[in-house]
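data_10.txt (compact mmCIF, C-alpha atoms and all ligand atoms)
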```
# COMPACT_ATOMS: atom_id res chain seq x y z
CA MET N 1 -1.17 -6.81 -34.04
CA MET N 2 2.08 -5.68 -32.51
CA PHE N 3 1.74 -5.07 -28.81
CA LYS N 4 4.55 -3.53 -26.76
CA GLU N 5 7.17 -6.24 -26.42
CA ASN N 6 7.45 -5.58 -22.70
CA LEU N 7 3.91 -6.83 -22.15
CA ALA N 8 4.91 -10.37 -23.14
CA HIS N 9 6.12 -11.16 -19.62
CA LEU N 10 3.26 -9.50 -17.75
CA ARG N 11 -0.01 -11.01 -16.66
CA ALA N 12 -3.15 -8.95 -16.11
CA TYR N 13 -4.11 -8.66 -12.44
CA ASP N 14 -5.96 -11.83 -11.46
CA PRO N 15 -8.63 -11.04 -8.89
CA GLY N 16 -9.56 -14.73 -8.45
CA LEU N 17 -13.12 -15.67 -7.58
CA SER N 18 -15.40 -12.96 -6.18
CA VAL N 19 -16.32 -13.17 -2.51
CA GLU N 20 -19.83 -14.30 -3.48
CA GLU N 21 -18.45 -17.00 -5.79
CA ILE N 22 -16.13 -18.25 -3.06
CA ARG N 23 -19.02 -18.34 -0.60
CA LYS N 24 -21.07 -20.49 -2.97
CA THR N 25 -18.21 -22.69 -4.17
CA TYR N 26 -17.07 -23.50 -0.65
CA GLY N 27 -20.58 -23.68 0.81
CA LEU N 28 -19.89 -21.03 3.47
CA ASN N 29 -22.31 -18.82 5.36
CA ARG N 30 -19.90 -16.00 5.93
CA ILE N 31 -16.61 -14.80 4.53
CA VAL N 32 -14.12 -12.73 6.50
CA LYS N 33 -11.98 -10.78 4.08
CA LEU N 34 -8.46 -10.37 5.45
CA ASP N 35 -6.57 -10.42 2.14
CA SER N 36 -6.38 -6.79 0.97
CA ASN N 37 -5.62 -4.71 4.09
CA GLU N 38 -8.89 -2.85 3.77
CA ASN N 39 -10.26 -1.08 6.83
CA VAL N 40 -12.28 -3.77 8.65
CA TYR N 41 -14.14 -1.02 10.56
CA GLY N 42 -15.50 0.61 7.40
CA ALA N 43 -15.33 4.39 6.93
CA SER N 44 -16.43 7.49 8.82
CA PRO N 45 -20.25 7.98 8.81
CA ASN N 46 -19.46 11.48 7.46
CA VAL N 47 -18.66 9.93 4.11
CA SER N 48 -22.04 8.50 3.19
CA LYS N 49 -23.77 11.76 4.15
CA ALA N 50 -21.40 13.83 2.03
CA ILE N 51 -21.61 11.75 -1.12
CA VAL N 52 -25.40 11.78 -1.21
CA ASN N 53 -25.29 15.51 -1.95
CA ALA N 54 -22.43 15.25 -4.42
CA ALA N 55 -24.29 12.55 -6.34
CA LEU N 56 -26.70 15.20 -7.63
CA LEU N 57 -24.31 16.40 -10.34
CA PRO N 58 -23.77 13.30 -12.49
CA ALA N 59 -23.44 15.11 -15.82
CA LEU N 60 -20.62 17.47 -14.90
CA TYR N 61 -16.91 16.69 -14.98
CA PRO N 62 -15.30 16.77 -11.55
CA ASP N 63 -13.01 19.54 -10.31
CA CYS N 64 -9.76 18.92 -12.15
CA ARG N 65 -7.68 20.30 -9.29
CA ASP N 66 -9.43 18.63 -6.36
CA SER N 67 -9.54 22.18 -4.91
CA ASP N 68 -11.42 21.65 -1.62
CA LEU N 69 -9.54 18.50 -0.78
CA ARG N 70 -6.24 20.09 -1.79
CA ARG N 71 -6.78 23.15 0.40
CA ASP N 72 -7.76 21.11 3.43
CA LEU N 73 -5.02 18.53 3.08
CA SER N 74 -2.28 21.10 2.48
CA LYS N 75 -3.17 22.76 5.80
CA ARG N 76 -3.23 19.47 7.67
CA LEU N 77 0.11 18.34 6.27
CA GLY N 78 1.77 21.75 6.41
CA VAL N 79 2.76 21.69 2.74
CA ALA N 80 1.93 24.06 -0.12
CA GLU N 81 -1.12 23.25 -2.26
CA GLU N 82 1.20 23.01 -5.27
CA GLU N 83 3.16 20.27 -3.55
CA LEU N 84 0.27 17.80 -3.84
CA LEU N 85 -0.74 15.53 -6.70
CA PHE N 86 -3.94 13.46 -6.51
CA GLY N 87 -4.51 10.15 -8.25
CA LEU N 88 -7.14 7.49 -8.74
CA GLY N 89 -5.73 5.59 -5.81
CA LEU N 90 -2.03 5.33 -5.14
CA ASP N 91 -2.10 2.80 -7.93
CA GLU N 92 -2.54 5.61 -10.41
CA ILE N 93 0.14 7.73 -8.73
CA ILE N 94 2.53 4.82 -9.28
CA VAL N 95 1.48 4.71 -12.95
CA LEU N 96 2.02 8.48 -13.33
CA ILE N 97 5.46 8.45 -11.70
CA SER N 98 6.52 5.53 -13.91
CA ARG N 99 5.22 7.27 -17.03
CA ALA N 100 6.94 10.52 -16.20
CA PHE N 101 10.39 9.04 -15.54
CA LEU N 102 10.91 5.68 -17.18
CA GLU N 103 11.84 4.62 -20.67
CA ALA N 104 13.70 1.72 -22.28
CA GLY N 105 17.23 1.38 -20.90
CA ASP N 106 16.33 2.82 -17.48
CA ASN N 107 15.97 0.82 -14.32
CA ILE N 108 14.25 1.01 -10.95
CA VAL N 109 15.46 -0.40 -7.63
CA MET N 110 12.99 -1.92 -5.21
CA ALA N 111 12.84 -4.48 -2.40
CA TRP N 112 11.52 -8.01 -2.83
CA PRO N 113 8.90 -8.86 -1.73
CA THR N 114 7.27 -5.45 -1.87
CA PHE N 115 4.29 -3.80 -3.58
CA TYR N 116 4.06 -5.40 -7.03
CA GLU N 117 2.83 -2.36 -8.96
CA TYR N 118 6.26 -0.67 -8.92
CA TYR N 119 7.62 -3.56 -10.96
CA CYS N 120 4.56 -3.85 -13.18
CA HIS N 121 4.67 -0.26 -14.41
CA ALA N 122 8.45 -0.21 -14.86
CA GLN N 123 7.94 -3.22 -17.11
CA ILE N 124 5.19 -1.50 -19.11
CA GLU N 125 7.45 1.52 -19.70
CA GLY N 126 10.24 -0.77 -20.91
CA ALA N 127 12.50 -0.28 -17.88
CA GLU N 128 14.40 -2.97 -15.97
CA THR N 129 13.65 -3.78 -12.34
CA LYS N 130 16.37 -4.54 -9.83
CA LYS N 131 14.67 -6.56 -7.10
CA VAL N 132 16.75 -6.52 -3.95
CA PRO N 133 15.69 -9.30 -1.53
CA CYS N 134 14.59 -8.20 1.93
CA ASP N 135 16.93 -9.33 4.71
CA LYS N 136 16.16 -12.24 7.03
CA ASP N 137 14.05 -9.96 9.22
CA GLY N 138 11.82 -8.97 6.30
CA LYS N 139 13.35 -5.49 6.13
CA HIS N 140 14.53 -3.52 3.11
CA ASP N 141 18.24 -4.29 2.63
CA LEU N 142 19.24 -0.65 2.19
CA LYS N 143 22.94 -1.39 1.77
CA ALA N 144 22.29 -3.78 -1.11
CA MET N 145 19.71 -1.36 -2.54
CA SER N 146 22.18 1.53 -2.61
CA GLN N 147 24.75 -0.75 -4.22
CA ALA N 148 22.23 -1.72 -6.89
CA VAL N 149 21.92 1.89 -8.05
CA ASP N 150 23.76 2.55 -11.32
CA PRO N 151 23.84 5.44 -13.83
CA SER N 152 20.63 4.14 -15.46
CA THR N 153 18.65 4.08 -12.20
CA LYS N 154 15.75 6.57 -12.29
CA ILE N 155 13.57 5.59 -9.32
CA ILE N 156 14.09 3.86 -5.97
CA TRP N 157 10.89 2.62 -4.33
CA ILE N 158 10.84 2.32 -0.55
CA CYS N 159 7.63 0.88 0.79
CA ASN N 160 7.47 2.06 4.39
CA PRO N 161 6.03 0.13 6.20
CA ASN N 162 6.63 -2.57 3.63
CA ASN N 163 3.72 -4.46 2.11
CA PRO N 164 3.70 -7.50 2.60
CA THR N 165 6.26 -7.83 5.44
CA GLY N 166 4.99 -4.97 7.66
CA THR N 167 8.56 -4.00 8.60
CA TYR N 168 9.87 -0.44 8.46
CA VAL N 169 12.93 1.63 7.68
CA ASN N 170 13.69 3.97 10.60
CA ASP N 171 14.78 7.61 10.46
CA SER N 172 18.53 7.11 10.83
CA GLU N 173 18.59 4.17 8.39
CA LEU N 174 16.72 6.26 5.82
CA ALA N 175 18.96 9.32 6.34
CA GLY N 176 22.09 7.20 5.86
CA PHE N 177 20.62 5.67 2.72
CA VAL N 178 19.49 8.93 1.15
CA GLU N 179 22.97 10.38 1.58
CA LYS N 180 24.41 7.69 -0.70
CA ILE N 181 21.90 8.22 -3.51
CA PRO N 182 22.75 10.58 -6.41
CA ASP N 183 20.57 13.73 -6.50
CA ASP N 184 19.04 12.89 -9.86
CA VAL N 185 17.52 9.58 -8.74
CA VAL N 186 13.94 9.89 -7.49
CA ILE N 187 13.37 8.33 -4.07
CA VAL N 188 9.73 7.40 -3.52
CA LEU N 189 8.52 6.64 0.00
CA ASP N 190 5.22 4.74 -0.21
CA GLU N 191 3.52 5.39 3.13
CA ALA N 192 0.16 3.76 2.45
CA TYR N 193 0.06 2.52 6.08
CA ILE N 194 1.52 5.58 7.84
CA ASP N 195 -1.47 6.07 10.17
CA PHE N 196 -0.98 2.64 11.75
CA VAL N 197 2.68 3.27 12.60
CA SER N 198 3.54 3.42 16.31
CA ALA N 199 7.36 3.34 16.15
CA THR N 200 8.77 6.61 17.49
CA ASP N 201 11.83 6.44 15.21
CA PHE N 202 9.72 6.27 12.04
CA PRO N 203 11.02 8.84 9.50
CA ARG N 204 9.35 12.27 9.44
CA SER N 205 9.16 12.10 5.71
CA LEU N 206 7.37 15.40 5.09
CA ASP N 207 10.21 17.23 6.85
CA LEU N 208 12.74 15.43 4.65
CA LEU N 209 11.04 16.77 1.52
CA LYS N 210 12.31 20.29 2.30
CA ASN N 211 15.94 19.33 1.71
CA HIS N 212 15.36 16.68 -0.93
CA PRO N 213 14.00 17.91 -4.26
CA ASN N 214 14.27 14.33 -5.56
CA MET N 215 11.95 12.78 -2.94
CA LEU N 216 8.24 11.92 -3.06
CA VAL N 217 5.95 10.73 -0.27
CA LEU N 218 2.86 8.70 -1.22
CA ARG N 219 -0.26 8.27 0.90
CA THR N 220 -3.75 6.93 0.34
CA PHE N 221 -7.32 7.11 1.63
CA SER N 222 -7.76 3.39 0.96
CA LYS N 223 -6.42 1.95 4.21
CA SER N 224 -6.80 3.91 7.45
CA TYR N 225 -9.68 6.06 6.08
CA GLY N 226 -11.51 3.02 4.72
CA LEU N 227 -12.14 4.49 1.26
CA ALA N 228 -10.64 1.78 -0.96
CA SER N 229 -13.70 1.75 -3.21
CA PHE N 230 -13.33 5.47 -3.98
CA ARG N 231 -9.79 5.10 -5.35
CA ILE N 232 -8.05 8.19 -4.09
CA GLY N 233 -4.43 8.72 -3.07
CA TYR N 234 -1.78 11.40 -3.38
CA ALA N 235 1.88 12.28 -3.73
CA VAL N 236 3.70 15.05 -1.85
CA GLY N 237 6.91 16.53 -3.17
CA GLN N 238 8.62 19.73 -4.22
CA ARG N 239 6.91 21.70 -6.92
CA ARG N 240 9.37 20.96 -9.73
CA LEU N 241 8.75 17.24 -9.34
CA ILE N 242 4.98 17.47 -8.87
CA ASP N 243 4.56 19.84 -11.86
CA GLU N 244 6.41 17.47 -14.16
CA ILE N 245 4.41 14.40 -13.11
CA ASP N 246 1.20 16.43 -13.39
CA LYS N 247 1.81 16.64 -17.15
CA VAL N 248 1.02 12.95 -17.57
CA ARG N 249 -2.06 12.97 -15.33
CA PRO N 250 -5.42 12.64 -17.10
CA PRO N 251 -7.19 15.94 -16.24
CA PHE N 252 -10.36 14.54 -14.63
CA ASN N 253 -8.79 11.52 -12.96
CA ASN N 254 -10.52 11.89 -9.59
CA PRO N 255 -14.31 11.45 -9.60
CA ARG N 256 -16.34 14.07 -7.74
CA LEU N 257 -17.64 11.49 -5.28
CA SER N 258 -14.09 10.43 -4.43
CA GLN N 259 -12.99 13.99 -3.76
CA VAL N 260 -16.03 14.60 -1.58
CA ALA N 261 -15.59 11.31 0.26
CA ALA N 262 -11.92 11.98 0.99
CA TYR N 263 -12.69 15.52 2.20
CA ALA N 264 -15.43 14.23 4.51
CA ALA N 265 -13.20 11.45 5.82
CA LEU N 266 -10.45 13.94 6.66
CA GLN N 267 -12.85 15.88 8.91
CA ASP N 268 -13.33 12.81 11.11
CA GLN N 269 -9.90 12.16 12.60
CA GLU N 270 -11.60 10.53 15.60
CA PHE N 271 -12.67 7.68 13.34
CA VAL N 272 -9.12 7.04 12.17
CA LYS N 273 -7.81 7.26 15.72
CA ALA N 274 -10.36 4.68 16.89
CA CYS N 275 -9.44 2.29 14.04
CA VAL N 276 -5.75 2.63 14.80
CA GLN N 277 -6.41 1.95 18.49
CA LYS N 278 -8.48 -1.17 17.75
CA ASN N 279 -5.87 -2.33 15.27
CA SER N 280 -3.16 -2.12 17.91
CA GLU N 281 -5.26 -4.04 20.46
CA VAL N 282 -6.03 -6.86 18.04
CA LEU N 283 -2.42 -6.89 16.86
CA ALA N 284 -1.20 -7.31 20.45
CA MET N 285 -3.56 -10.26 20.92
CA THR N 286 -2.36 -11.72 17.60
CA THR N 287 1.35 -11.55 18.36
CA ALA N 288 0.78 -12.93 21.88
CA PHE N 289 -1.03 -15.90 20.33
CA LEU N 290 1.64 -16.49 17.67
CA ASP N 291 4.39 -16.26 20.31
CA SER N 292 2.61 -18.77 22.53
CA LYS N 293 2.39 -21.23 19.63
CA ASN N 294 5.95 -20.61 18.42
CA ILE N 295 4.69 -19.47 15.04
CA SER N 296 7.13 -16.98 13.56
CA TYR N 297 6.19 -13.66 11.99
CA PHE N 298 7.74 -10.31 11.15
CA PRO N 299 7.10 -7.47 13.63
CA THR N 300 4.66 -5.14 11.89
CA GLN N 301 3.82 -1.42 11.89
CA ALA N 302 0.73 -1.81 9.71
CA ASN N 303 -2.80 -3.24 9.74
CA PHE N 304 -1.53 -6.61 8.54
CA ILE N 305 1.01 -9.19 9.64
CA PHE N 306 3.27 -11.54 7.71
CA VAL N 307 3.34 -15.03 9.21
CA LYS N 308 6.17 -17.29 8.05
CA THR N 309 5.04 -20.75 7.02
CA ASP N 310 5.96 -23.67 4.83
CA ASN N 311 3.39 -24.26 2.11
CA PRO N 312 1.77 -20.81 2.29
CA LYS N 313 -0.60 -21.61 -0.60
CA THR N 314 -1.97 -24.65 1.19
CA VAL N 315 -2.29 -22.73 4.45
CA ALA N 316 -4.23 -19.95 2.69
CA GLU N 317 -6.44 -22.51 0.96
CA LYS N 318 -7.27 -24.23 4.24
CA CYS N 319 -8.18 -20.88 5.79
CA LYS N 320 -10.37 -20.13 2.77
CA GLN N 321 -12.25 -23.39 3.27
CA LYS N 322 -13.13 -22.11 6.75
CA GLY N 323 -14.24 -18.72 5.41
CA PHE N 324 -11.10 -16.63 5.97
CA LEU N 325 -9.44 -14.97 3.00
CA ILE N 326 -5.73 -14.31 3.49
CA ASN N 327 -2.89 -13.81 1.03
CA ALA N 328 -0.14 -16.32 0.19
CA PHE N 329 3.41 -15.21 -0.66
CA GLN N 330 6.54 -17.23 -1.30
CA ALA N 331 7.69 -17.44 2.31
CA GLY N 332 4.46 -17.05 4.24
CA VAL N 333 1.01 -15.56 4.43
CA ARG N 334 -0.07 -11.92 4.84
CA ILE N 335 -3.10 -11.44 7.06
CA THR N 336 -5.04 -8.20 7.52
CA ILE N 337 -5.58 -7.58 11.24
CA GLY N 338 -9.33 -8.18 11.50
CA LYS N 339 -11.82 -7.40 14.24
CA MET N 340 -11.07 -9.04 17.59
CA ASP N 341 -13.55 -11.92 17.40
CA ASP N 342 -12.84 -12.70 13.75
CA MET N 343 -9.14 -12.65 14.41
CA LYS N 344 -9.38 -15.01 17.38
CA GLU N 345 -11.28 -17.45 15.23
CA LEU N 346 -8.88 -17.09 12.31
CA LEU N 347 -5.84 -17.70 14.52
CA LYS N 348 -7.25 -21.07 15.59
CA VAL N 349 -7.88 -21.99 11.96
CA LEU N 350 -4.40 -20.76 11.01
CA GLU N 351 -2.67 -22.73 13.75
CA GLU N 352 -4.43 -25.89 12.65
CA ALA N 353 -3.62 -25.24 8.98
CA ILE N 354 0.03 -24.66 9.79
CA SER N 355 0.37 -27.80 11.87
CA GLU N 356 -1.40 -29.91 9.23
CA THR N 357 0.74 -28.61 6.39
CA SER N 358 4.15 -28.47 8.02
CA ALA N 359 4.60 -32.19 7.40
CA GLU N 360 3.39 -32.08 3.78
CA PRO N 361 5.65 -31.45 0.77
CA SER N 362 5.41 -28.01 -0.89
CA LEU N 363 2.75 -27.36 -3.55
C1 LIG N 401 -2.83 -0.60 -0.90
C2 LIG N 401 -1.52 -0.06 -1.34
C3 LIG N 401 -1.39 0.87 -2.36
C4 LIG N 401 -2.53 1.24 -3.27
O1 LIG N 401 -3.44 1.99 -2.67
P1 LIG N 401 -4.70 2.59 -3.50
O2 LIG N 401 -4.69 4.00 -3.06
O3 LIG N 401 -5.86 1.80 -3.04
O4 LIG N 401 -4.44 2.42 -4.96
C5 LIG N 401 -0.15 1.40 -2.65
N1 LIG N 401 0.93 1.01 -1.98
C6 LIG N 401 0.87 0.10 -0.99
C7 LIG N 401 2.09 -0.30 -0.29
C8 LIG N 401 -0.35 -0.49 -0.66
O5 LIG N 401 -0.40 -1.46 0.25
```
Please re-express this file's structure in C-alpha cells.
Ligand SMILES: *Cc1c(COP(=O)(O)O)cnc(C)c1O
Amino acid sequence: MMFKENLAHLRAYDPGLSVEEIRKTYGLNRIVKLDSNENVYGASPNVSKAIVNAALLPALYPDCRDSDLRRDLSKRLGVAEEELLFGLGLDEIIVLISRAFLEAGDNIVMAWPTFYEYYCHAQIEGAETKKVPCDKDGKHDLKAMSQAVDPSTKIIWICNPNNPTGTYVNDSELAGFVEKIPDDVVIVLDEAYIDFVSATDFPRSLDLLKNHPNMLVLRTFSKSYGLASFRIGYAVGQRRLIDEIDKVRPPFNNPRLSQVAAYAALQDQEFVKACVQKNSEVLAMTTAFLDSKNISYFPTQANFIFVKTDNPKTVAEKCKQKGFLINAFQAGVRITIGKMDDMKELLKVLEEAISETSAEPSL
C-alpha cells in the first residue's frame, strides 16, 4: 500500500499507560493528574444537568450549525454569528485550518517548543514547518519568526499564552509583529488559556480581528470550562476566512451533548471565575516555593508552569513513582497547577527529584 509519503516521519499520538494501569504498575493508591492542563476543579454543575436531557435523542444527528451555542457565544464575545467556527476540540480546528490552507511546497512558522499539533498537521498536508526556538525567557522570538516568513509561508501559529512555557506575547509586541507580516499570510492566535491570563497588557485579540482579515483567534472549552472530555473549541475570524475553512469541516462534527455542555458551561461564569481565582492562589504559592528553593521556571499566565531542570524525563518519572503525573520536555517539566494540597505535596516530591537527579548524567 502506498501511504502519503509525509506520514513516514510522523508517529501516532502515544498516550502512554492509562491512569489505572499506572496506578497498578506503580502500586499507588492515588494518582494526581497534572500532565494535561485539565481543569482540576471539574466543570460547572450546570453541565451534568443539561446533558441528561440532551441524552434523550441518541438517534438524531446533532445541529450542524451549533445554533444555540453560536447565538449565545456571539453575544458574549461581541462578534457576528458568522464569524464563529466550531470544532471537535481546538484539535479539530487546527486540522481544519491546516487542510484549508496547506499543500506541498507551503510552509508554516511556529515557535519551538509550542503546541505540537500545528507541526503534525502541516506535515500531514505535505507542508514544511519552520520551528523558531523560543528565546531564553521561554517567549516566542517574534523577530526571528517574522524573518522566517518567506513567499511560501501560509500560516503563522502564535500560541498565547504558549504551551508548554506559559509565557505570553503582549499587545505592543504583537502589534509590531503583525505589521511586518504580509496580508496574505494567516496569523493564528491560539488562546486556549485566555481565561487564566492576568497580565493587563495581554492583546485584545478580538478587537484586532476587525482590522485584520488574515487573523484567527482560537479558544476552547477544554481548559477553564473543564470540558476536555466533550471535545469542543472554536475559531473567531472575519467571515471570508471562516466561510472558506467551513468548507472542509465535516457537517456534524460537534456531538449534541458537547454543544449542550458548552452552552450550559457558558451560563456559569461564576464557576470559571472561581477556578481562575484558585489557580492564581495556588500559582502564587508555587512560585514562592520555587523561588525559595532557587528552582528556576518561566513566569506563566496559564494553569500550568514550566520548571527548568536537568534530566526532565527522570524528574517526571520520579514524580510518577510518587503518584504525580507531570510532563517532560527537552529543557524541563510542565506541571498543571493542581489543587492547593496536592500541589504542596507535589512540590516536595519535585524538589527531591530535582536534587537527586541534578548530579546524574542525562537519560
Ligand atoms: C489543550 C490545547 C489545545 C487543544 O484543546 P482541545 O480543545 O481540547 O482540542 C489547543 N491548543 C493549546 C495551546 C492547548 O494547550
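Shell of Thr25 in chain N at 10 Å, with only C-alpha atoms counted and residues fewer than 6 places along the chain excluded, is Leu17, Val19 and Gln321 of chain N.
Between CA of Asp72 in chain N and atom N1 of ligand LIG 401 (chain N) the separation is 22.6 Å.
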7 Å contact set for Ser44 in chain N, all atoms listed in the file, chain neighbours under 4 positions out, as a ChimeraX atom specification: /N:265,268,271
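Shortest atom-to-atom contact with Lys293 in chain N among N:Ala127, N:Ala43, N:Leu350, N:Ala175: N:Leu350, counting all atoms listed in the file.
Across the structure, CA of Ala235 in chain N and CA of Lys180 in chain N are spaced 23.2 Å apart.
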Show me which residues sit within 8 Å of ligand LIG 401 (chain N) when counting all atoms listed in the file, and put them as a short mmCIF file (atom, residue, chain, number, x, y, z; two decimals) with C-alpha atoms, keeping the file's coordinate frame.
```cif
data_model
loop_
_atom_site.label_atom_id
_atom_site.label_comp_id
_atom_site.auth_asym_id
_atom_site.auth_seq_id
_atom_site.Cartn_x
_atom_site.Cartn_y
_atom_site.Cartn_z
CA SER N 36 -6.38 -6.79 0.97
CA ASN N 37 -5.62 -4.71 4.09
CA GLU N 38 -8.89 -2.85 3.77
CA LEU N 88 -7.14 7.49 -8.74
CA GLY N 89 -5.73 5.59 -5.81
CA LEU N 90 -2.03 5.33 -5.14
CA ASP N 91 -2.10 2.80 -7.93
CA GLU N 92 -2.54 5.61 -10.41
CA ILE N 93 0.14 7.73 -8.73
CA ILE N 94 2.53 4.82 -9.28
CA THR N 114 7.27 -5.45 -1.87
CA PHE N 115 4.29 -3.80 -3.58
CA GLU N 117 2.83 -2.36 -8.96
CA CYS N 159 7.63 0.88 0.79
CA ASN N 160 7.47 2.06 4.39
CA PRO N 161 6.03 0.13 6.20
CA ASN N 162 6.63 -2.57 3.63
CA ASN N 163 3.72 -4.46 2.11
CA PRO N 164 3.70 -7.50 2.60
CA ASP N 190 5.22 4.74 -0.21
CA GLU N 191 3.52 5.39 3.13
CA ALA N 192 0.16 3.76 2.45
CA TYR N 193 0.06 2.52 6.08
CA LEU N 218 2.86 8.70 -1.22
CA ARG N 219 -0.26 8.27 0.90
CA THR N 220 -3.75 6.93 0.34
CA PHE N 221 -7.32 7.11 1.63
CA SER N 222 -7.76 3.39 0.96
CA LYS N 223 -6.42 1.95 4.21
CA ALA N 228 -10.64 1.78 -0.96
CA SER N 229 -13.70 1.75 -3.21
CA ARG N 231 -9.79 5.10 -5.35
CA ILE N 232 -8.05 8.19 -4.09
CA GLY N 233 -4.43 8.72 -3.07
CA TYR N 234 -1.78 11.40 -3.38
#
```
CA of Tyr116 in chain N to CA of Lys130 in chain N, straight-line distance in Å: 12.7 Å
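Using only C-alpha atoms, the shortest contact distance between Lys210 in chain N and any of N:Val79, N:Val315, N:Leu102, N:Val185 is found at N:Val79.
Distance check against Cys275 in chain N using only C-alpha atoms: of N:Ser67, N:Thr357, N:Asn303, N:Thr309, the minimum falls on N:Asn303.
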Do a neighbour search on Val282 in chain N at 10 Å with all atoms listed in the file, toss out local chain neighbours closer than 6 positions, and write the hits as an mmCIF file with C-alpha atoms, in the frame of the given file.
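Output contents, as saved in part_17.cif:
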```cif
data_model
loop_
_atom_site.group_PDB
_atom_site.id
_atom_site.type_symbol
_atom_site.label_atom_id
_atom_site.label_comp_id
_atom_site.auth_asym_id
_atom_site.auth_seq_id
_atom_site.Cartn_x
_atom_site.Cartn_y
_atom_site.Cartn_z
ATOM 1 C CA ALA N 288 0.780 -12.930 21.880
ATOM 2 C CA ASN N 303 -2.800 -3.240 9.740
ATOM 3 C CA ILE N 337 -5.580 -7.580 11.240
ATOM 4 C CA GLY N 338 -9.330 -8.180 11.500
ATOM 5 C CA LYS N 339 -11.820 -7.400 14.240
ATOM 6 C CA MET N 340 -11.070 -9.040 17.590
ATOM 7 C CA ASP N 341 -13.550 -11.920 17.400
ATOM 8 C CA ASP N 342 -12.840 -12.700 13.750
ATOM 9 C CA MET N 343 -9.140 -12.650 14.410
ATOM 10 C CA LYS N 344 -9.380 -15.010 17.380
#
```
Of the listed residues N:Leu77, N:Ala8, N:Leu347, N:Ala274, that which approaches Thr286 in chain N most closely, counting all atoms listed in the file: N:Leu347
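With all atoms listed in the file as the basis for measurement, N:Val236 is the residue among N:Ile194, N:Arg23, N:Val236, N:Tyr225 that approaches Pro213 in chain N most closely.
Counting all atoms listed in the file, the residue from N:Asn6, N:Asn214, N:Gln147, N:Asn327 that sits nearest to Ile124 in chain N is N:Asn6.
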Polymer residues at most 10 Å from Pro113 in chain N, only C-alpha atoms, same-chain spacing of 4 or more positions, as JSON, numbers by chain: {"N": [131, 132, 133, 134, 138, 139, 140, 162, 163, 164, 165, 329, 330, 331]}
Residues within 7 Å of Leu34 in chain N, all atoms listed in the file, excluding chain neighbours under 3 positions, as a ChimeraX atom specification: /N:37,324-326,335-336,338
Would you fill out range 54-66 of chain N with N, CA and C atoms and return it as an mmCIF file, in the coordinates of the input?
```
data_model
loop_
_atom_site.group_PDB
_atom_site.id
_atom_site.type_symbol
_atom_site.label_atom_id
_atom_site.label_comp_id
_atom_site.auth_asym_id
_atom_site.auth_seq_id
_atom_site.Cartn_x
_atom_site.Cartn_y
_atom_site.Cartn_z
ATOM 1 N N ALA N 54 -23.291 15.122 -3.244
ATOM 2 C CA ALA N 54 -22.430 15.250 -4.420
ATOM 3 C C ALA N 54 -22.958 14.419 -5.589
ATOM 4 N N ALA N 55 -23.779 13.431 -5.291
ATOM 5 C CA ALA N 55 -24.290 12.550 -6.340
ATOM 6 C C ALA N 55 -25.298 13.258 -7.238
ATOM 7 N N LEU N 56 -25.679 14.486 -6.865
ATOM 8 C CA LEU N 56 -26.700 15.200 -7.630
ATOM 9 C C LEU N 56 -26.153 15.869 -8.896
ATOM 10 N N LEU N 57 -24.877 15.742 -9.171
ATOM 11 C CA LEU N 57 -24.310 16.400 -10.340
ATOM 12 C C LEU N 57 -23.669 15.382 -11.314
ATOM 13 N N PRO N 58 -24.413 14.381 -11.727
ATOM 14 C CA PRO N 58 -23.770 13.300 -12.490
ATOM 15 C C PRO N 58 -23.259 13.729 -13.863
ATOM 16 N N ALA N 59 -23.799 14.782 -14.442
ATOM 17 C CA ALA N 59 -23.440 15.110 -15.820
ATOM 18 C C ALA N 59 -22.198 15.986 -15.945
ATOM 19 N N LEU N 60 -21.748 16.540 -14.818
ATOM 20 C CA LEU N 60 -20.620 17.470 -14.900
ATOM 21 C C LEU N 60 -19.285 16.802 -14.574
ATOM 22 N N TYR N 61 -18.247 17.183 -15.305
ATOM 23 C CA TYR N 61 -16.910 16.690 -14.980
ATOM 24 C C TYR N 61 -16.531 17.147 -13.587
ATOM 25 N N PRO N 62 -15.716 16.356 -12.902
ATOM 26 C CA PRO N 62 -15.300 16.770 -11.550
ATOM 27 C C PRO N 62 -14.284 17.909 -11.608
ATOM 28 N N ASP N 63 -14.022 18.500 -10.450
ATOM 29 C CA ASP N 63 -13.010 19.540 -10.310
ATOM 30 C C ASP N 63 -11.639 18.934 -10.625
ATOM 31 N N CYS N 64 -11.032 19.454 -11.662
ATOM 32 C CA CYS N 64 -9.760 18.920 -12.150
ATOM 33 C C CYS N 64 -8.639 19.058 -11.130
ATOM 34 N N ARG N 65 -8.767 20.044 -10.251
ATOM 35 C CA ARG N 65 -7.680 20.300 -9.290
ATOM 36 C C ARG N 65 -7.969 19.778 -7.880
ATOM 37 N N ASP N 66 -9.081 19.122 -7.691
ATOM 38 C CA ASP N 66 -9.430 18.630 -6.360
ATOM 39 C C ASP N 66 -9.329 19.772 -5.335
#
```
